[in-house]
>>> print(open('final17.tsv').read())   # TSV, C-alpha atoms
chain	number	residue	atom	x	y	z
A	58	MET	CA	-14.78	-15.13	-42.97
A	59	ASN	CA	-11.83	-15.18	-40.70
A	60	THR	CA	-12.95	-16.35	-37.25
A	61	THR	CA	-9.47	-16.40	-35.75
A	62	SER	CA	-9.30	-13.83	-33.01
A	63	ALA	CA	-6.55	-11.38	-33.51
A	64	ARG	CA	-4.42	-10.69	-30.49
A	65	ASN	CA	-1.24	-8.79	-30.26
A	66	THR	CA	-0.58	-9.54	-26.62
A	67	LYS	CA	1.29	-12.39	-24.95
A	68	VAL	CA	-0.33	-14.55	-22.32
A	69	MET	CA	1.14	-13.81	-18.91
A	70	ASN	CA	3.19	-16.69	-17.51
A	71	ARG	CA	2.82	-17.03	-13.75
A	72	PHE	CA	6.20	-18.62	-13.10
A	73	ASP	CA	7.95	-16.03	-15.24
A	74	LEU	CA	6.20	-13.28	-13.31
A	75	THR	CA	7.08	-14.85	-9.95
A	76	SER	CA	10.72	-15.26	-10.99
A	77	ARG	CA	10.92	-11.64	-12.08
A	78	LEU	CA	9.46	-10.55	-8.75
A	79	VAL	CA	11.87	-12.64	-6.69
A	80	THR	CA	14.94	-11.38	-8.55
A	81	ARG	CA	13.92	-7.82	-7.68
A	82	LEU	CA	13.66	-8.40	-3.92
A	83	LYS	CA	16.61	-6.66	-2.28
A	84	ASN	CA	15.38	-5.50	1.12
A	85	GLU	CA	14.17	-8.61	2.94
A	86	GLU	CA	10.64	-8.12	1.69
A	87	ALA	CA	8.08	-10.55	3.12
A	88	VAL	CA	6.31	-12.62	0.47
A	89	VAL	CA	3.15	-14.58	1.27
A	90	GLY	CA	2.32	-17.22	-1.32
A	91	GLY	CA	-1.24	-18.44	-1.76
A	92	ILE	CA	-1.96	-22.16	-1.78
A	93	GLY	CA	-1.23	-24.45	-4.72
A	94	ASN	CA	0.57	-23.41	-7.87
A	95	THR	CA	1.19	-19.89	-6.61
A	96	ASN	CA	3.26	-21.38	-3.78
A	97	PHE	CA	4.96	-23.96	-5.97
A	98	ASP	CA	6.17	-21.19	-8.26
A	99	LEU	CA	7.35	-19.08	-5.34
A	100	TRP	CA	9.41	-21.98	-4.03
A	101	ALA	CA	10.75	-22.85	-7.49
A	102	ALA	CA	11.79	-19.23	-8.07
A	103	GLY	CA	14.28	-19.65	-5.20
A	104	HIS	CA	13.47	-20.15	-1.55
A	105	ARG	CA	13.97	-17.24	0.83
A	106	PRO	CA	13.47	-17.30	4.61
A	107	GLN	CA	11.17	-14.29	4.28
A	108	ASN	CA	8.66	-16.33	2.26
A	109	PHE	CA	5.57	-17.87	3.83
A	110	TYR	CA	4.00	-20.74	1.94
A	111	MET	CA	0.34	-20.95	2.87
A	112	LEU	CA	-0.87	-24.53	3.24
A	113	GLY	CA	-4.63	-24.61	2.98
A	114	SER	CA	-6.23	-21.50	4.39
A	115	MET	CA	-7.90	-20.54	1.11
A	116	GLY	CA	-8.16	-16.83	0.47
A	117	LEU	CA	-6.04	-15.74	3.41
A	118	ALA	CA	-2.78	-14.76	1.70
A	119	PHE	CA	-3.84	-11.10	1.74
A	120	PRO	CA	-5.03	-11.07	5.37
A	121	ILE	CA	-1.78	-12.76	6.47
A	122	ALA	CA	0.20	-10.18	4.52
A	123	LEU	CA	-1.85	-7.40	6.13
A	124	GLY	CA	-1.00	-8.82	9.56
A	125	VAL	CA	2.72	-8.82	8.75
A	126	ALA	CA	2.45	-5.25	7.48
A	127	LEU	CA	0.67	-4.11	10.65
A	128	ALA	CA	3.37	-5.70	12.78
A	129	GLN	CA	6.28	-4.42	10.67
A	130	PRO	CA	5.22	-1.24	8.86
A	131	GLN	CA	8.81	-0.57	7.77
A	132	ARG	CA	9.01	-3.83	5.79
A	133	ARG	CA	7.53	-4.12	2.31
A	134	VAL	CA	5.09	-7.02	2.13
A	135	ILE	CA	3.95	-8.80	-1.03
A	136	ALA	CA	1.12	-11.31	-1.32
A	137	LEU	CA	0.69	-13.59	-4.33
A	138	GLU	CA	-2.76	-14.99	-5.05
A	139	GLY	CA	-4.28	-16.80	-7.98
A	140	GLU	CA	-7.34	-18.75	-8.92
A	141	ALA	CA	-7.72	-22.45	-9.70
A	142	ARG	CA	-4.83	-22.67	-7.34
A	143	CYS	CA	-4.73	-26.33	-6.49
B	178	MET	CA	-19.22	-5.14	50.34
B	179	ALA	CA	-16.14	-3.28	49.18
B	180	ALA	CA	-14.94	-6.09	46.95
B	181	ALA	CA	-18.22	-6.18	45.08
B	182	GLU	CA	-18.24	-2.42	44.62
B	183	THR	CA	-14.81	-2.44	43.04
B	184	ALA	CA	-15.31	-5.60	40.96
B	185	GLN	CA	-14.57	-5.16	37.28
B	186	SER	CA	-17.07	-6.15	34.63
B	187	TRP	CA	-16.21	-9.07	32.35
B	188	HIS	CA	-15.35	-6.73	29.47
B	189	GLN	CA	-13.10	-4.55	31.63
B	190	ILE	CA	-11.25	-7.71	32.63
B	191	VAL	CA	-10.75	-8.66	28.99
B	192	LEU	CA	-9.45	-5.21	28.07
B	193	ASN	CA	-7.09	-4.97	31.05
B	194	THR	CA	-5.78	-8.48	30.60
B	195	LEU	CA	-5.09	-7.95	26.90
B	196	LYS	CA	-3.21	-4.77	27.73
B	197	ARG	CA	-1.20	-6.38	30.51
B	198	ASN	CA	-0.09	-9.07	28.08
B	199	ASP	CA	0.83	-6.55	25.35
B	200	ILE	CA	-1.87	-7.72	22.96
B	201	ARG	CA	-2.53	-4.67	20.81
B	202	LEU	CA	-4.11	-6.06	17.66
B	203	VAL	CA	-7.79	-6.99	17.99
B	204	PRO	CA	-9.75	-7.67	14.79
B	205	TYR	CA	-13.35	-8.72	15.33
B	206	VAL	CA	-16.71	-9.49	13.80
B	207	PRO	CA	-19.41	-7.47	15.58
B	208	ASP	CA	-21.71	-9.08	18.13
B	209	ARG	CA	-24.35	-7.64	20.43
B	210	VAL	CA	-22.90	-9.15	23.62
B	211	LEU	CA	-19.37	-8.04	22.73
B	212	THR	CA	-20.43	-4.45	21.98
B	213	PRO	CA	-19.30	-2.87	25.29
B	214	LEU	CA	-15.90	-4.54	24.96
B	215	ILE	CA	-15.55	-3.45	21.33
B	216	LYS	CA	-16.51	0.16	22.18
B	217	ASN	CA	-13.98	0.34	25.00
B	218	LEU	CA	-11.24	-1.18	22.84
B	219	HIS	CA	-11.91	1.42	20.14
B	220	ALA	CA	-11.76	4.19	22.76
B	221	ASP	CA	-8.32	3.08	23.98
B	222	PRO	CA	-5.41	4.19	21.77
B	223	PHE	CA	-3.31	1.28	23.05
B	224	PHE	CA	-5.26	-1.05	20.76
B	225	ASN	CA	-5.36	-1.43	16.99
B	226	VAL	CA	-8.93	-2.68	16.74
B	227	PHE	CA	-11.07	-3.00	13.61
B	228	PRO	CA	-13.89	-5.12	12.17
B	229	THR	CA	-13.32	-7.70	9.45
B	230	ALA	CA	-15.72	-9.06	6.83
B	231	ARG	CA	-15.31	-12.65	7.99
B	232	GLU	CA	-13.88	-14.39	11.03
B	233	GLU	CA	-11.24	-16.24	9.01
B	234	GLU	CA	-9.94	-12.93	7.74
B	235	ALA	CA	-9.28	-11.93	11.35
B	236	VAL	CA	-7.46	-15.24	11.88
B	237	GLY	CA	-5.23	-14.51	8.88
B	238	ILE	CA	-4.42	-11.02	10.13
B	239	VAL	CA	-3.54	-12.19	13.65
B	240	SER	CA	-1.43	-15.01	12.17
B	241	GLY	CA	0.53	-12.65	9.93
B	242	ALA	CA	1.02	-10.22	12.79
B	243	TRP	CA	2.45	-12.98	14.98
B	244	MET	CA	4.91	-13.86	12.20
B	245	GLY	CA	5.91	-10.19	12.26
B	246	GLY	CA	6.31	-10.10	16.03
B	247	MET	CA	3.01	-8.56	17.14
B	248	ARG	CA	0.50	-10.25	19.44
B	249	GLY	CA	-3.19	-10.35	18.59
B	250	ALA	CA	-6.54	-11.64	19.76
B	251	MET	CA	-9.86	-11.87	17.96
B	252	LEU	CA	-13.49	-11.52	18.96
B	253	MET	CA	-16.45	-13.36	17.44
B	254	GLN	CA	-19.69	-15.18	18.11
B	255	THR	CA	-20.38	-18.93	18.16
B	256	SER	CA	-21.70	-19.01	14.59
B	257	GLY	CA	-18.57	-17.21	13.42
B	258	PHE	CA	-16.37	-19.79	15.07
B	259	ALA	CA	-18.22	-22.42	13.03
B	260	THR	CA	-16.69	-20.96	9.86
B	261	LEU	CA	-13.11	-21.53	11.08
B	262	ALA	CA	-12.46	-25.29	10.95
B	263	ASN	CA	-10.39	-25.08	7.75
B	264	VAL	CA	-8.22	-22.17	8.79
B	265	LEU	CA	-7.58	-23.56	12.27
B	266	ALA	CA	-6.55	-26.94	10.86
B	267	SER	CA	-4.47	-25.64	7.95
B	268	LEU	CA	-2.92	-22.42	9.29
B	269	VAL	CA	-3.16	-21.86	13.04
B	270	VAL	CA	-2.41	-25.33	14.40
B	271	PRO	CA	0.35	-26.42	11.95
B	272	SER	CA	2.03	-22.99	12.03
B	273	GLN	CA	1.86	-22.88	15.85
B	274	ILE	CA	0.12	-19.51	16.01
B	275	PRO	CA	-0.90	-18.47	19.55
B	276	LEU	CA	-4.29	-17.26	18.36
B	277	ILE	CA	-6.36	-16.00	21.28
B	278	MET	CA	-10.06	-16.25	20.53
B	279	PHE	CA	-12.89	-14.76	22.56
B	280	VAL	CA	-16.15	-16.39	21.52
B	281	SER	CA	-19.44	-14.89	22.65
B	282	GLU	CA	-21.54	-17.98	23.22
B	283	ARG	CA	-24.89	-18.16	21.49
B	284	GLY	CA	-27.11	-21.20	21.12
B	285	THR	CA	-27.53	-22.15	24.76
B	286	LEU	CA	-29.19	-21.03	28.02
B	287	GLY	CA	-32.25	-19.46	26.49
B	288	GLU	CA	-31.45	-19.27	22.78
B	289	PHE	CA	-34.42	-18.29	20.59
B	290	ASN	CA	-32.76	-18.93	17.21
B	291	LEU	CA	-32.83	-22.56	16.03
B	292	GLY	CA	-29.81	-22.08	13.76
B	293	GLN	CA	-27.72	-20.75	16.63
B	294	SER	CA	-28.71	-23.59	18.93
B	295	LEU	CA	-27.65	-26.17	16.32
B	296	VAL	CA	-24.38	-24.59	15.23
B	297	CYS	CA	-23.38	-24.15	18.88
B	298	ARG	CA	-23.14	-27.93	19.17
B	299	THR	CA	-20.33	-28.04	16.59
B	300	MET	CA	-17.99	-25.70	18.47
B	301	ARG	CA	-16.54	-27.88	21.24
B	302	PRO	CA	-16.27	-31.02	19.05
B	303	VAL	CA	-14.22	-28.99	16.51
B	304	LEU	CA	-11.97	-27.64	19.28
B	305	ASP	CA	-11.56	-31.12	20.78
B	306	SER	CA	-10.86	-32.76	17.42
B	307	LEU	CA	-7.95	-30.36	16.88
B	308	ALA	CA	-6.80	-30.84	20.49
B	309	MET	CA	-7.13	-27.10	21.03
B	310	GLU	CA	-7.18	-25.62	24.51
B	311	HIS	CA	-10.55	-24.10	25.39
B	312	HIS	CA	-12.36	-22.89	28.46
B	313	THR	CA	-15.96	-21.98	29.02
B	314	CYS	CA	-15.99	-18.88	31.20
B	315	THR	CA	-19.03	-18.72	33.49
B	316	ARG	CA	-17.85	-16.95	36.65
B	317	LEU	CA	-16.67	-13.39	37.06
B	318	ASP	CA	-14.48	-14.27	40.06
B	319	GLU	CA	-12.48	-16.79	37.99
B	320	PHE	CA	-12.45	-14.87	34.75
B	321	GLU	CA	-9.29	-12.81	35.14
B	322	PHE	CA	-7.32	-15.87	36.26
B	323	VAL	CA	-8.58	-17.95	33.33
B	324	THR	CA	-7.99	-15.19	30.78
B	325	ASP	CA	-4.55	-14.13	31.98
B	326	ARG	CA	-3.24	-17.69	32.37
B	327	SER	CA	-4.68	-18.78	29.04
B	328	ILE	CA	-3.06	-15.90	27.18
B	329	LYS	CA	0.31	-16.56	28.84
B	330	GLN	CA	0.09	-20.29	28.08
B	331	ALA	CA	-0.88	-19.67	24.45
B	332	ILE	CA	2.17	-17.48	23.91
B	333	ALA	CA	4.58	-19.66	25.92
B	334	THR	CA	3.55	-22.85	24.14
B	335	GLN	CA	2.72	-21.27	20.75
B	336	ALA	CA	-0.71	-22.83	20.69
B	337	PRO	CA	-4.16	-21.33	20.11
B	338	VAL	CA	-6.80	-21.00	22.82
B	339	ALA	CA	-10.54	-20.35	22.74
B	340	LEU	CA	-12.21	-18.59	25.64
B	341	ILE	CA	-15.94	-19.18	25.37
B	342	LEU	CA	-17.90	-16.41	27.08
B	343	SER	CA	-20.99	-18.08	28.54
B	344	PRO	CA	-24.27	-16.19	29.03
B	345	LEU	CA	-23.67	-16.97	32.72
B	346	LEU	CA	-20.76	-14.52	32.54
B	347	THR	CA	-22.01	-11.93	30.06
B	348	GLY	CA	-25.78	-12.10	30.48
B	349	GLY	CA	-26.08	-13.32	26.90
B	350	LYS	CA	-28.32	-11.94	24.22
B	351	THR	CA	-31.89	-11.19	25.19
B	352	VAL	CA	-34.78	-9.95	23.11
B	353	ASP	CA	-36.39	-6.92	24.70
B	354	LYS	CA	-40.07	-6.25	24.10
>>> encode(input="final17.tsv", output="structure tokens")
Amino acid sequence: MNTTSARNTKVMNRFDLTSRLVTRLKNEEAVVGGIGNTNFDLWAAGHRPQNFYMLGSMGLAFPIALGVALAQPQRRVIALEGEARC
Amino acid sequence: MAAAETAQSWHQIVLNTLKRNDIRLVPYVPDRVLTPLIKNLHADPFFNVFPTAREEEAVGIVSGAWMGGMRGAMLMQTSGFATLANVLASLVVPSQIPLIMFVSERGTLGEFNLGQSLVCRTMRPVLDSLAMEHHTCTRLDEFEFVTDRSIKQAIATQAPVALILSPLLTGGKTVDK
């Protein structure tokens, strides 16, 4: 009996995804990176002054992004979060 | 006495002082003592005021808003402040966010809840250990001065401040029979 699971999908690569996102930013979008690897990837994809790299406030990337969006409703805001982040 | 007749309540002072300092964003976690303030804030279209699930969520929102150029303050109770040590130490202090916190003080001056009385003791040591400015507000006649000056200092120096609203000021929480 064949116990090998069949899958026809590729595993998502976080750095690849982050890089693709960053290359598509054209309008000074704000990007909030969650702590740990999410942030490391955001930095490695090419630093931008509109990025905020969260240090240790676990779980707050989305609230920070919401705050930016409330203050600047005309600016698109993106928050990146992951799990097992450190 | 005319002065006494025209004196503002503590919550009117908070609302007027926030407005005078262009602080429009006020996320909060509900609290019995803060209820008249929260109701009046909701009734005033100047403010963008809404409840959050947790106190640290409100801290994140005010922090992001400051980065975007909008001033904010948050409202909570003593036990809610006790959940904030991580976010104060890792976001607010190092990022120099002028977070203005109004803390309704539970746990003292007639507290009936053992948990509240114990967690209250952690609040000032946490503030002191982070070298954060804080004031315990007990007198109505000083309250506008303390609030207005503290807000202005927080913004001018980009540092957080906690204004602890004592039961001596607010009346505190009482259990009615």
>>> atom_distance(input="final17.tsv", atom1="CA of Gly292 (chain B)", atom2="CA of Ser256 (chain B)")
8.7 Å
>>> axis_aligned_box(input="final17.tsv", around="region 65-77 of chain A", padding_each_side="3 Å", output="AutoDock Vina command-line options")
--center_x 4.8 --center_y -13.7 --center_z -20.1 --size_x 18.2 --size_y 15.8 --size_z 26.3
>>> residues_around(input="final17.tsv", residues="Leu346 (chain B)", least_positions_apart="6", cutoff="8 Å", atoms="all atoms listed in the file", output="list in words")
Trp187, Cys314, Thr315, Arg316 and Leu317 of chain B
>>> residues_around(input="final17.tsv", residues="Val125 (chain A)", least_positions_apart="3", cutoff="6 Å", atoms="all atoms listed in the file", output="number ranges by chain")
A: 122, 128-129; B: 241-242, 245
>>> closest_atom_pairs(input="final17.tsv", of="chain A", to="chain B", cutoff="9 Å", atoms="all atoms listed in the file", output="JSON lines")
{"residue": "A:Met111", "atom": "CA", "partner": "B:Leu268", "partner_atom": "CA", "distance": 7.3}
{"residue": "A:Leu112", "atom": "CA", "partner": "B:Ser267", "partner_atom": "CA", "distance": 6.0}
{"residue": "A:Gly113", "atom": "CA", "partner": "B:Ser267", "partner_atom": "CA", "distance": 5.1}
{"residue": "A:Ser114", "atom": "CA", "partner": "B:Val264", "partner_atom": "CA", "distance": 4.9}
{"residue": "A:Met115", "atom": "CA", "partner": "B:Val264", "partner_atom": "CA", "distance": 7.9}
{"residue": "A:Gly116", "atom": "CA", "partner": "B:Glu234", "partner_atom": "CA", "distance": 8.4}
{"residue": "A:Leu117", "atom": "CA", "partner": "B:Gly237", "partner_atom": "CA", "distance": 5.7}
{"residue": "A:Ala118", "atom": "CA", "partner": "B:Gly237", "partner_atom": "CA", "distance": 7.6}
{"residue": "A:Phe119", "atom": "CA", "partner": "B:Gly237", "partner_atom": "CA", "distance": 8.0}
{"residue": "A:Pro120", "atom": "CA", "partner": "B:Ile238", "partner_atom": "CA", "distance": 4.8}
{"residue": "A:Ile121", "atom": "CA", "partner": "B:Gly241", "partner_atom": "CA", "distance": 4.2}
{"residue": "A:Ala122", "atom": "CA", "partner": "B:Gly241", "partner_atom": "CA", "distance": 6.0}
{"residue": "A:Leu123", "atom": "CA", "partner": "B:Ile238", "partner_atom": "CA", "distance": 6.0}
{"residue": "A:Gly124", "atom": "CA", "partner": "B:Ala242", "partner_atom": "CA", "distance": 4.1}
{"residue": "A:Val125", "atom": "CA", "partner": "B:Gly241", "partner_atom": "CA", "distance": 4.6}
{"residue": "A:Ala126", "atom": "CA", "partner": "B:Ala242", "partner_atom": "CA", "distance": 7.4}
{"residue": "A:Leu127", "atom": "CA", "partner": "B:Ala242", "partner_atom": "CA", "distance": 6.5}
{"residue": "A:Ala128", "atom": "CA", "partner": "B:Ala242", "partner_atom": "CA", "distance": 5.1}
{"residue": "A:Gln129", "atom": "CA", "partner": "B:Gly245", "partner_atom": "CA", "distance": 6.0}
>>> residues_near_point(input="final17.tsv", point="(-9.4, -26.1, 27.4)", cutoff="8 Å", atoms="all atoms listed in the file", output="number ranges by chain")
B: 309-313, 338-339
>>> residues_near_point(input="final17.tsv", point="(-21.7, -6.2, 12.8)", cutoff="12 Å", atoms="all atoms listed in the file", output="list in words")
Tyr205, Val206, Pro207, Asp208, Arg209, Val210, Leu211, Thr212, Ile215, Phe227, Pro228, Thr229, Ala230, Arg231, Glu232, Leu252, Met253, Gln254 and Gly257 of chain B
>>> residues_around(input="final17.tsv", residues="Leu99 (chain A)", least_positions_apart="2", cutoff="10 Å", atoms="all atoms listed in the file", output="list in words")
Arg71, Phe72, Leu74, Thr75, Ser76, Leu78, Val79, Val88, Val89, Gly90, Gly91, Asn94, Thr95, Asn96, Phe97, Ala101, Ala102, Gly103, His104, Arg105, Asn108, Phe109, Tyr110 and Leu137 of chain A
>>> residues_around(input="final17.tsv", residues="region 328-337 of chain B", least_positions_apart="3", cutoff="7 Å", atoms="all atoms listed in the file", output="PyMOL selection string")
chain B and resi 270+273-277+309-310+324-325
>>> atom_distance(input="final17.tsv", atom1="CA of Val296 (chain B)", atom2="CA of Lys216 (chain B)")
26.9 Å
>>> atom_distance(input="final17.tsv", atom1="CA of Phe322 (chain B)", atom2="CA of Met251 (chain B)")
18.9 Å
>>> closest_residue(input="final17.tsv", among="A:Pro106, A:Asn84, A:Lys67, A:Ile92", to="Arg132 (chain A)", atoms="only C-alpha atoms")
A:Asn84
